[in-house]
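Just start06.cif here, mmCIF, C-alpha atoms; chains and numbers go by the auth columns:
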data_data
#
loop_
_atom_site.group_PDB
_atom_site.id
_atom_site.type_symbol
_atom_site.label_atom_id
_atom_site.label_comp_id
_atom_site.label_asym_id
_atom_site.label_seq_id
_atom_site.Cartn_x
_atom_site.Cartn_y
_atom_site.Cartn_z
_atom_site.B_iso_or_equiv
_atom_site.auth_seq_id
_atom_site.auth_asym_id
ATOM 1 C CA MET A 1 -29.322 -49.352 -19.285 0.00 26 A
ATOM 2 C CA VAL A 2 -28.434 -52.422 -17.269 0.00 27 A
ATOM 3 C CA ASP A 3 -25.528 -54.613 -18.375 0.00 28 A
ATOM 4 C CA ARG A 4 -26.327 -58.326 -18.399 0.00 29 A
ATOM 5 C CA PHE A 5 -23.697 -61.034 -18.367 0.00 30 A
ATOM 6 C CA GLN A 6 -24.407 -63.550 -21.065 0.00 31 A
ATOM 7 C CA GLY A 7 -25.344 -66.852 -19.478 0.00 32 A
ATOM 8 C CA LEU A 8 -25.785 -65.478 -15.929 0.00 33 A
ATOM 9 C CA ASP A 9 -28.967 -66.823 -14.400 0.00 34 A
ATOM 10 C CA PRO A 10 -30.515 -63.948 -12.378 0.00 35 A
ATOM 11 C CA ASP A 11 -32.206 -66.385 -9.986 0.00 36 A
ATOM 12 C CA ALA A 12 -28.911 -68.190 -9.339 0.00 37 A
ATOM 13 C CA PHE A 13 -27.189 -64.838 -8.739 0.00 38 A
ATOM 14 C CA ARG A 14 -29.898 -63.738 -6.284 0.00 39 A
ATOM 15 C CA SER A 15 -29.741 -67.130 -4.530 0.00 40 A
ATOM 16 C CA ALA A 16 -25.953 -66.896 -4.201 0.00 41 A
ATOM 17 C CA LEU A 17 -26.202 -63.394 -2.711 0.00 42 A
ATOM 18 C CA ALA A 18 -28.841 -64.619 -0.232 0.00 43 A
ATOM 19 C CA ARG A 19 -26.176 -66.898 1.287 0.00 44 A
ATOM 20 C CA PHE A 20 -24.353 -63.829 2.590 0.00 45 A
ATOM 21 C CA PRO A 21 -25.899 -62.707 5.876 0.00 46 A
ATOM 22 C CA SER A 22 -26.089 -58.968 6.234 0.00 47 A
ATOM 23 C CA GLY A 23 -27.297 -56.481 8.781 0.00 48 A
ATOM 24 C CA VAL A 24 -30.614 -54.712 8.389 0.00 49 A
ATOM 25 C CA THR A 25 -31.048 -50.953 8.565 0.00 50 A
ATOM 26 C CA ILE A 26 -33.887 -48.494 8.267 0.00 51 A
ATOM 27 C CA VAL A 27 -32.593 -45.304 6.651 0.00 52 A
ATOM 28 C CA THR A 28 -34.607 -42.130 7.221 0.00 53 A
ATOM 29 C CA THR A 29 -34.656 -38.485 6.225 0.00 54 A
ATOM 30 C CA ARG A 30 -36.912 -35.444 6.073 0.00 55 A
ATOM 31 C CA SER A 31 -37.400 -33.759 2.696 0.00 56 A
ATOM 32 C CA ALA A 32 -37.037 -30.015 2.198 0.00 57 A
ATOM 33 C CA SER A 33 -40.851 -29.793 2.378 0.00 58 A
ATOM 34 C CA GLY A 34 -40.841 -31.607 5.745 0.00 59 A
ATOM 35 C CA THR A 35 -42.157 -34.987 4.565 0.00 60 A
ATOM 36 C CA LEU A 36 -40.641 -38.050 6.253 0.00 61 A
ATOM 37 C CA HIS A 37 -39.084 -40.722 4.026 0.00 62 A
ATOM 38 C CA GLY A 38 -37.374 -44.013 4.680 0.00 63 A
ATOM 39 C CA PHE A 39 -36.338 -47.376 3.302 0.00 64 A
ATOM 40 C CA THR A 40 -34.949 -50.680 4.498 0.00 65 A
ATOM 41 C CA ALA A 41 -31.423 -51.526 3.401 0.00 66 A
ATOM 42 C CA SER A 42 -29.187 -54.511 3.971 0.00 67 A
ATOM 43 C CA SER A 43 -26.498 -53.034 1.714 0.00 68 A
ATOM 44 C CA PHE A 44 -24.821 -50.889 4.346 0.00 69 A
ATOM 45 C CA ALA A 45 -21.135 -50.697 5.265 0.00 70 A
ATOM 46 C CA ALA A 46 -18.458 -48.658 6.931 0.00 71 A
ATOM 47 C CA LEU A 47 -16.390 -46.951 4.257 0.00 72 A
ATOM 48 C CA SER A 48 -13.752 -44.976 6.152 0.00 73 A
ATOM 49 C CA LEU A 49 -12.734 -44.134 9.711 0.00 74 A
ATOM 50 C CA ASP A 50 -10.847 -40.962 8.731 0.00 75 A
ATOM 51 C CA PRO A 51 -12.914 -39.212 7.602 0.00 76 A
ATOM 52 C CA PRO A 52 -15.846 -41.116 9.130 0.00 77 A
ATOM 53 C CA LEU A 53 -17.866 -42.351 6.139 0.00 78 A
ATOM 54 C CA VAL A 54 -20.535 -45.001 5.624 0.00 79 A
ATOM 55 C CA LEU A 55 -22.342 -46.154 2.516 0.00 80 A
ATOM 56 C CA VAL A 56 -25.830 -47.420 1.900 0.00 81 A
ATOM 57 C CA CYS A 57 -27.345 -48.588 -1.380 0.00 82 A
ATOM 58 C CA LEU A 58 -30.805 -47.554 -2.575 0.00 83 A
ATOM 59 C CA ASP A 59 -32.780 -48.923 -5.521 0.00 84 A
ATOM 60 C CA ARG A 60 -33.072 -46.230 -8.217 0.00 85 A
ATOM 61 C CA GLY A 61 -36.719 -47.271 -8.671 0.00 86 A
ATOM 62 C CA ALA A 62 -37.663 -46.635 -5.034 0.00 87 A
ATOM 63 C CA ASP A 63 -40.239 -43.894 -4.545 0.00 88 A
ATOM 64 C CA CYS A 64 -37.890 -42.159 -2.113 0.00 89 A
ATOM 65 C CA SER A 65 -34.792 -42.300 -4.327 0.00 90 A
ATOM 66 C CA PRO A 66 -35.054 -38.668 -5.554 0.00 91 A
ATOM 67 C CA VAL A 67 -35.520 -37.439 -1.984 0.00 92 A
ATOM 68 C CA PHE A 68 -32.458 -39.271 -0.640 0.00 93 A
ATOM 69 C CA THR A 69 -30.197 -38.277 -3.532 0.00 94 A
ATOM 70 C CA ALA A 70 -31.096 -34.630 -2.823 0.00 95 A
ATOM 71 C CA ALA A 71 -31.088 -34.882 0.984 0.00 96 A
ATOM 72 C CA GLU A 72 -28.624 -32.949 3.083 0.00 97 A
ATOM 73 C CA ARG A 73 -28.822 -35.466 5.925 0.00 98 A
ATOM 74 C CA PHE A 74 -29.988 -38.996 6.613 0.00 99 A
ATOM 75 C CA ILE A 75 -29.991 -41.370 9.561 0.00 100 A
ATOM 76 C CA VAL A 76 -29.061 -45.047 9.537 0.00 101 A
ATOM 77 C CA ASN A 77 -30.893 -47.057 12.203 0.00 102 A
ATOM 78 C CA ILE A 78 -29.429 -50.525 12.760 0.00 103 A
ATOM 79 C CA VAL A 79 -32.430 -52.778 13.335 0.00 104 A
ATOM 80 C CA THR A 80 -33.005 -55.148 16.267 0.00 105 A
ATOM 81 C CA PRO A 81 -35.352 -58.168 16.248 0.00 106 A
ATOM 82 C CA ALA A 82 -38.060 -55.925 17.723 0.00 107 A
ATOM 83 C CA HIS A 83 -37.979 -53.874 14.493 0.00 108 A
ATOM 84 C CA ALA A 84 -38.343 -56.783 12.044 0.00 109 A
ATOM 85 C CA GLU A 85 -41.969 -56.002 11.186 0.00 110 A
ATOM 86 C CA LEU A 86 -41.121 -52.310 10.792 0.00 111 A
ATOM 87 C CA ALA A 87 -38.218 -53.193 8.471 0.00 112 A
ATOM 88 C CA ILE A 88 -40.618 -55.167 6.266 0.00 113 A
ATOM 89 C CA LYS A 89 -42.961 -52.163 6.190 0.00 114 A
ATOM 90 C CA PHE A 90 -40.096 -49.872 5.124 0.00 115 A
ATOM 91 C CA ALA A 91 -39.190 -52.309 2.330 0.00 116 A
ATOM 92 C CA THR A 92 -42.616 -51.833 0.682 0.00 117 A
ATOM 93 C CA LYS A 93 -43.951 -49.094 -1.562 0.00 118 A
ATOM 94 C CA GLY A 94 -46.927 -46.841 -1.128 0.00 119 A
ATOM 95 C CA GLU A 95 -47.553 -47.174 2.573 0.00 120 A
ATOM 96 C CA ASN A 96 -47.408 -44.603 5.373 0.00 121 A
ATOM 97 C CA LYS A 97 -44.246 -46.105 6.774 0.00 122 A
ATOM 98 C CA PHE A 98 -44.048 -43.846 9.797 0.00 123 A
ATOM 99 C CA ALA A 99 -47.568 -44.556 11.079 0.00 124 A
ATOM 100 C CA ASN A 100 -47.447 -46.450 14.373 0.00 125 A
ATOM 101 C CA GLY A 101 -43.649 -46.421 14.359 0.00 126 A
ATOM 102 C CA ALA A 102 -41.669 -45.809 17.500 0.00 127 A
ATOM 103 C CA PHE A 103 -39.712 -42.907 16.015 0.00 128 A
ATOM 104 C CA GLU A 104 -38.276 -39.915 17.805 0.00 129 A
ATOM 105 C CA PHE A 105 -36.718 -36.892 16.123 0.00 130 A
ATOM 106 C CA ASP A 106 -33.252 -35.388 16.276 0.00 131 A
ATOM 107 C CA GLU A 107 -32.574 -31.659 16.563 0.00 132 A
ATOM 108 C CA SER A 108 -33.078 -31.261 12.783 0.00 133 A
ATOM 109 C CA GLY A 109 -36.401 -33.114 12.792 0.00 134 A
ATOM 110 C CA HIS A 110 -35.045 -36.313 11.211 0.00 135 A
ATOM 111 C CA PRO A 111 -36.697 -39.539 12.409 0.00 136 A
ATOM 112 C CA LEU A 112 -34.694 -42.089 14.373 0.00 137 A
ATOM 113 C CA LEU A 113 -35.385 -45.293 16.280 0.00 138 A
ATOM 114 C CA PRO A 114 -34.345 -44.613 19.888 0.00 139 A
ATOM 115 C CA ASP A 115 -34.124 -48.342 20.702 0.00 140 A
ATOM 116 C CA ALA A 116 -32.090 -49.284 17.609 0.00 141 A
ATOM 117 C CA ALA A 117 -28.889 -51.313 17.994 0.00 142 A
ATOM 118 C CA ALA A 118 -27.145 -48.163 16.724 0.00 143 A
ATOM 119 C CA VAL A 119 -28.143 -44.804 15.256 0.00 144 A
ATOM 120 C CA ILE A 120 -25.768 -43.113 12.823 0.00 145 A
ATOM 121 C CA HIS A 121 -26.376 -39.478 11.769 0.00 146 A
ATOM 122 C CA CYS A 122 -24.936 -38.606 8.361 0.00 147 A
ATOM 123 C CA GLU A 123 -24.536 -35.670 6.042 0.00 148 A
ATOM 124 C CA LEU A 124 -24.799 -36.700 2.394 0.00 149 A
ATOM 125 C CA GLU A 125 -21.251 -36.542 1.069 0.00 150 A
ATOM 126 C CA HIS A 126 -21.672 -38.092 -2.369 0.00 151 A
ATOM 127 C CA VAL A 127 -24.074 -40.077 -4.554 0.00 152 A
ATOM 128 C CA ALA A 128 -22.518 -42.612 -6.920 0.00 153 A
ATOM 129 C CA PRO A 129 -24.194 -44.753 -9.587 0.00 154 A
ATOM 130 C CA GLY A 130 -24.271 -48.487 -8.920 0.00 155 A
ATOM 131 C CA GLY A 131 -26.201 -50.299 -11.651 0.00 156 A
ATOM 132 C CA ASP A 132 -29.884 -50.354 -10.715 0.00 157 A
ATOM 133 C CA HIS A 133 -28.996 -48.735 -7.365 0.00 158 A
ATOM 134 C CA VAL A 134 -27.367 -45.526 -6.163 0.00 159 A
ATOM 135 C CA ILE A 135 -24.717 -45.512 -3.471 0.00 160 A
ATOM 136 C CA LEU A 136 -25.292 -42.883 -0.810 0.00 161 A
ATOM 137 C CA ILE A 137 -22.053 -41.971 0.929 0.00 162 A
ATOM 138 C CA GLY A 138 -22.605 -40.266 4.243 0.00 163 A
ATOM 139 C CA ARG A 139 -20.174 -38.374 6.436 0.00 164 A
ATOM 140 C CA VAL A 140 -20.940 -39.436 9.986 0.00 165 A
ATOM 141 C CA HIS A 141 -21.340 -36.538 12.401 0.00 166 A
ATOM 142 C CA ASP A 142 -22.807 -38.515 15.306 0.00 167 A
ATOM 143 C CA ALA A 143 -23.099 -42.199 16.213 0.00 168 A
ATOM 144 C CA ARG A 144 -24.737 -43.848 19.185 0.00 169 A
ATOM 145 C CA ALA A 145 -24.664 -47.525 20.096 0.00 170 A
ATOM 146 C CA GLY A 146 -27.777 -48.943 21.746 0.00 171 A
ATOM 147 C CA SER A 147 -28.065 -51.935 24.013 0.00 172 A
ATOM 148 C CA GLY A 148 -29.964 -54.260 21.634 0.00 173 A
ATOM 149 C CA LYS A 149 -28.465 -56.876 19.345 0.00 174 A
ATOM 150 C CA PRO A 150 -28.800 -56.351 15.596 0.00 175 A
ATOM 151 C CA VAL A 151 -30.816 -58.676 13.415 0.00 176 A
ATOM 152 C CA THR A 152 -29.438 -60.111 10.172 0.00 177 A
ATOM 153 C CA TRP A 153 -31.055 -60.927 6.838 0.00 178 A
ATOM 154 C CA TYR A 154 -30.217 -64.372 5.517 0.00 179 A
ATOM 155 C CA ARG A 155 -31.828 -66.476 2.762 0.00 180 A
ATOM 156 C CA GLY A 156 -34.932 -64.296 2.613 0.00 181 A
ATOM 157 C CA GLY A 157 -35.641 -64.044 6.330 0.00 182 A
ATOM 158 C CA PHE A 158 -34.518 -62.543 9.603 0.00 183 A
ATOM 159 C CA LEU A 159 -31.917 -64.366 11.648 0.00 184 A
ATOM 160 C CA HIS A 160 -31.241 -63.283 15.211 0.00 185 A
ATOM 161 C CA LEU A 161 -27.673 -63.367 16.468 0.00 186 A
ATOM 162 C CA GLY A 162 -27.074 -66.559 18.405 0.00 187 A
ATOM 163 C CA GLU A 163 -29.570 -68.586 16.341 0.00 188 A
ATOM 164 C CA SER A 164 -28.509 -71.407 14.079 0.00 189 A
ATOM 165 C CA ALA A 165 -29.077 -70.858 10.376 0.00 190 A
ATOM 166 C CA ALA A 166 -31.175 -73.483 8.609 0.00 191 A
#

As structure tokens, the full file:
Amino acid sequence: MVDRFQGLDPDAFRSALARFPSGVTIVTTRSASGTLHGFTASSFAALSLDPPLVLVCLDRGADCSPVFTAAERFIVNIVTPAHAELAIKFATKGENKFANGAFEFDESGHPLLPDAAAVIHCELEHVAPGGDHVILIGRVHDARAGSGKPVTWYRGGFLHLGESAA
């Protein structure tokens, strides 16, 4: 059941949130059966340095939600402008998201973007409810910074660092 604030206009709320630029990530995992899964998330943040924890939010209604809430590991790929089209693909349902992607695999067979701005390997530490989303808390066991600049999501579109926002 979703709580609704009386008088809150959902469109106004969404519009207000769109004024906050956020990074874009593609989060990936491999299910116990070996199937690759992934989603695009802009709700990603560092949670703690000691222990090293990050969080990422996933829509409960996403096809991959049950897989990620049961996963032992996941990878957060911080997207560059070159990955914008791929990020849009990973934000949709019912498509073979990994077809024609430039993914490589870590030692556990989890997909990662080798040319991402950063790649963060996580073990699932905790899953917390968050309204119509779940919050995946990952304990970071490896992190690598790439050479590319990250892209941001702002007012319904991609904004490259150094560009002026409209």

Selection in question (the file shown): the PyMOL selection byres ((chain A and resi 44) around 12). Which residues does it include, as a CSV table (one decimal) with C-alpha atoms, in the frame of the given file?
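So selection-v2.csv came out as:
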chain,number,residue,atom,x,y,z
A,37,ALA,CA,-28.9,-68.2,-9.3
A,38,PHE,CA,-27.2,-64.8,-8.7
A,39,ARG,CA,-29.9,-63.7,-6.3
A,40,SER,CA,-29.7,-67.1,-4.5
A,41,ALA,CA,-26.0,-66.9,-4.2
A,42,LEU,CA,-26.2,-63.4,-2.7
A,43,ALA,CA,-28.8,-64.6,-0.2
A,45,PHE,CA,-24.4,-63.8,2.6
A,46,PRO,CA,-25.9,-62.7,5.9
A,47,SER,CA,-26.1,-59.0,6.2
A,177,THR,CA,-29.4,-60.1,10.2
A,178,TRP,CA,-31.1,-60.9,6.8
A,179,TYR,CA,-30.2,-64.4,5.5
A,180,ARG,CA,-31.8,-66.5,2.8
A,181,GLY,CA,-34.9,-64.3,2.6
A,182,GLY,CA,-35.6,-64.0,6.3
A,190,ALA,CA,-29.1,-70.9,10.4
A,191,ALA,CA,-31.2,-73.5,8.6

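Minimum distance to Ala143 (chain A) across A:Leu83, A:Val92, A:Val52, A:Leu33 (counting only C-alpha atoms) occurs at A:Val52.
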
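Near region 106-118 of chain A, within 8 Å and counting only C-alpha atoms, sit Val49, Thr50, Ile51, Gly63, Phe64, Thr65, Ala66, Ala87, Asp88, Gly126, Lys174, Pro175, Val176, Phe183 and His185 of chain A, not including residues fewer than 6 positions from it in the same chain.
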
Report task. Apply the PyMOL selection byres ((chain A and resi 90) around 12) to the displayed file and report the matching residues as a ChimeraX atom specification. Result -> /A:52-54,56,62-64,82-89,91-96,118,152,157-161

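Candidate residues A:Leu184, A:Ala168, A:Leu61, A:Val101 were compared for distance to Lys122 (chain A), and the nearest is A:Leu61, using only C-alpha atoms.
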
Query - Evaluate the PyMOL selection byres ((chain A and resi 127) around 10) and report residues as a list in words - result: His108, Leu111, Phe123, Ala124, Asn125, Gly126, Phe128, Glu129, Pro136, Leu137, Leu138, Pro139 and Asp140 of chain A

Would it be fine to have region 45-105 of chain A, with C-alpha atoms, given as a CSV table (one decimal), in the first residue's frame?
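The resulting file, decode.csv, is reproduced below:
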chain,number,residue,atom,x,y,z
A,45,PHE,CA,17.9,17.6,-8.9
A,46,PRO,CA,20.7,16.4,-11.3
A,47,SER,CA,21.9,12.9,-10.4
A,48,GLY,CA,24.4,10.5,-11.8
A,49,VAL,CA,23.3,7.5,-13.9
A,50,THR,CA,24.3,3.9,-13.2
A,51,ILE,CA,23.7,0.6,-14.8
A,52,VAL,CA,23.4,-2.0,-12.1
A,53,THR,CA,24.1,-5.7,-13.1
A,54,THR,CA,24.0,-9.1,-11.7
A,55,ARG,CA,23.9,-12.8,-12.6
A,56,SER,CA,21.1,-14.9,-11.2
A,57,ALA,CA,21.7,-18.3,-9.5
A,58,SER,CA,20.6,-19.9,-12.8
A,59,GLY,CA,23.2,-17.8,-14.7
A,60,THR,CA,20.9,-15.4,-16.4
A,61,LEU,CA,22.1,-11.8,-16.7
A,62,HIS,CA,20.0,-9.0,-15.3
A,63,GLY,CA,20.3,-5.2,-15.0
A,64,PHE,CA,18.6,-1.9,-14.6
A,65,THR,CA,19.3,1.8,-14.9
A,66,ALA,CA,19.3,3.8,-11.7
A,67,SER,CA,19.9,7.4,-10.9
A,68,SER,CA,19.1,6.8,-7.2
A,69,PHE,CA,22.6,5.7,-6.1
A,70,ALA,CA,24.7,7.1,-3.3
A,71,ALA,CA,27.6,6.4,-1.0
A,72,LEU,CA,26.3,5.3,2.4
A,73,SER,CA,29.4,4.7,4.5
A,74,LEU,CA,33.2,4.7,4.2
A,75,ASP,CA,33.8,2.3,7.1
A,76,PRO,CA,32.5,-0.2,6.3
A,77,PRO,CA,32.4,0.6,2.6
A,78,LEU,CA,28.7,0.7,1.7
A,79,VAL,CA,26.7,2.1,-1.2
A,80,LEU,CA,22.9,2.1,-1.8
A,81,VAL,CA,20.9,1.9,-5.0
A,82,CYS,CA,17.1,2.0,-5.3
A,83,LEU,CA,15.1,-0.3,-7.5
A,84,ASP,CA,11.4,-0.1,-8.4
A,85,ARG,CA,9.5,-3.0,-6.8
A,86,GLY,CA,7.6,-3.5,-10.1
A,87,ALA,CA,10.8,-4.0,-12.1
A,88,ASP,CA,11.0,-7.5,-13.7
A,89,CYS,CA,14.5,-7.9,-12.2
A,90,SER,CA,13.5,-6.9,-8.6
A,91,PRO,CA,13.2,-10.4,-7.3
A,92,VAL,CA,16.6,-11.3,-8.8
A,93,PHE,CA,18.4,-8.4,-7.2
A,94,THR,CA,16.7,-8.8,-3.8
A,95,ALA,CA,18.0,-12.4,-3.8
A,96,ALA,CA,21.4,-11.7,-5.4
A,97,GLU,CA,24.6,-12.3,-3.5
A,98,ARG,CA,26.5,-9.8,-5.6
A,99,PHE,CA,25.8,-6.9,-7.9
A,100,ILE,CA,27.9,-4.4,-9.8
A,101,VAL,CA,27.3,-0.6,-10.1
A,102,ASN,CA,28.6,0.8,-13.4
A,103,ILE,CA,28.8,4.6,-13.4
A,104,VAL,CA,27.7,5.6,-16.9
A,105,THR,CA,29.6,7.9,-19.3
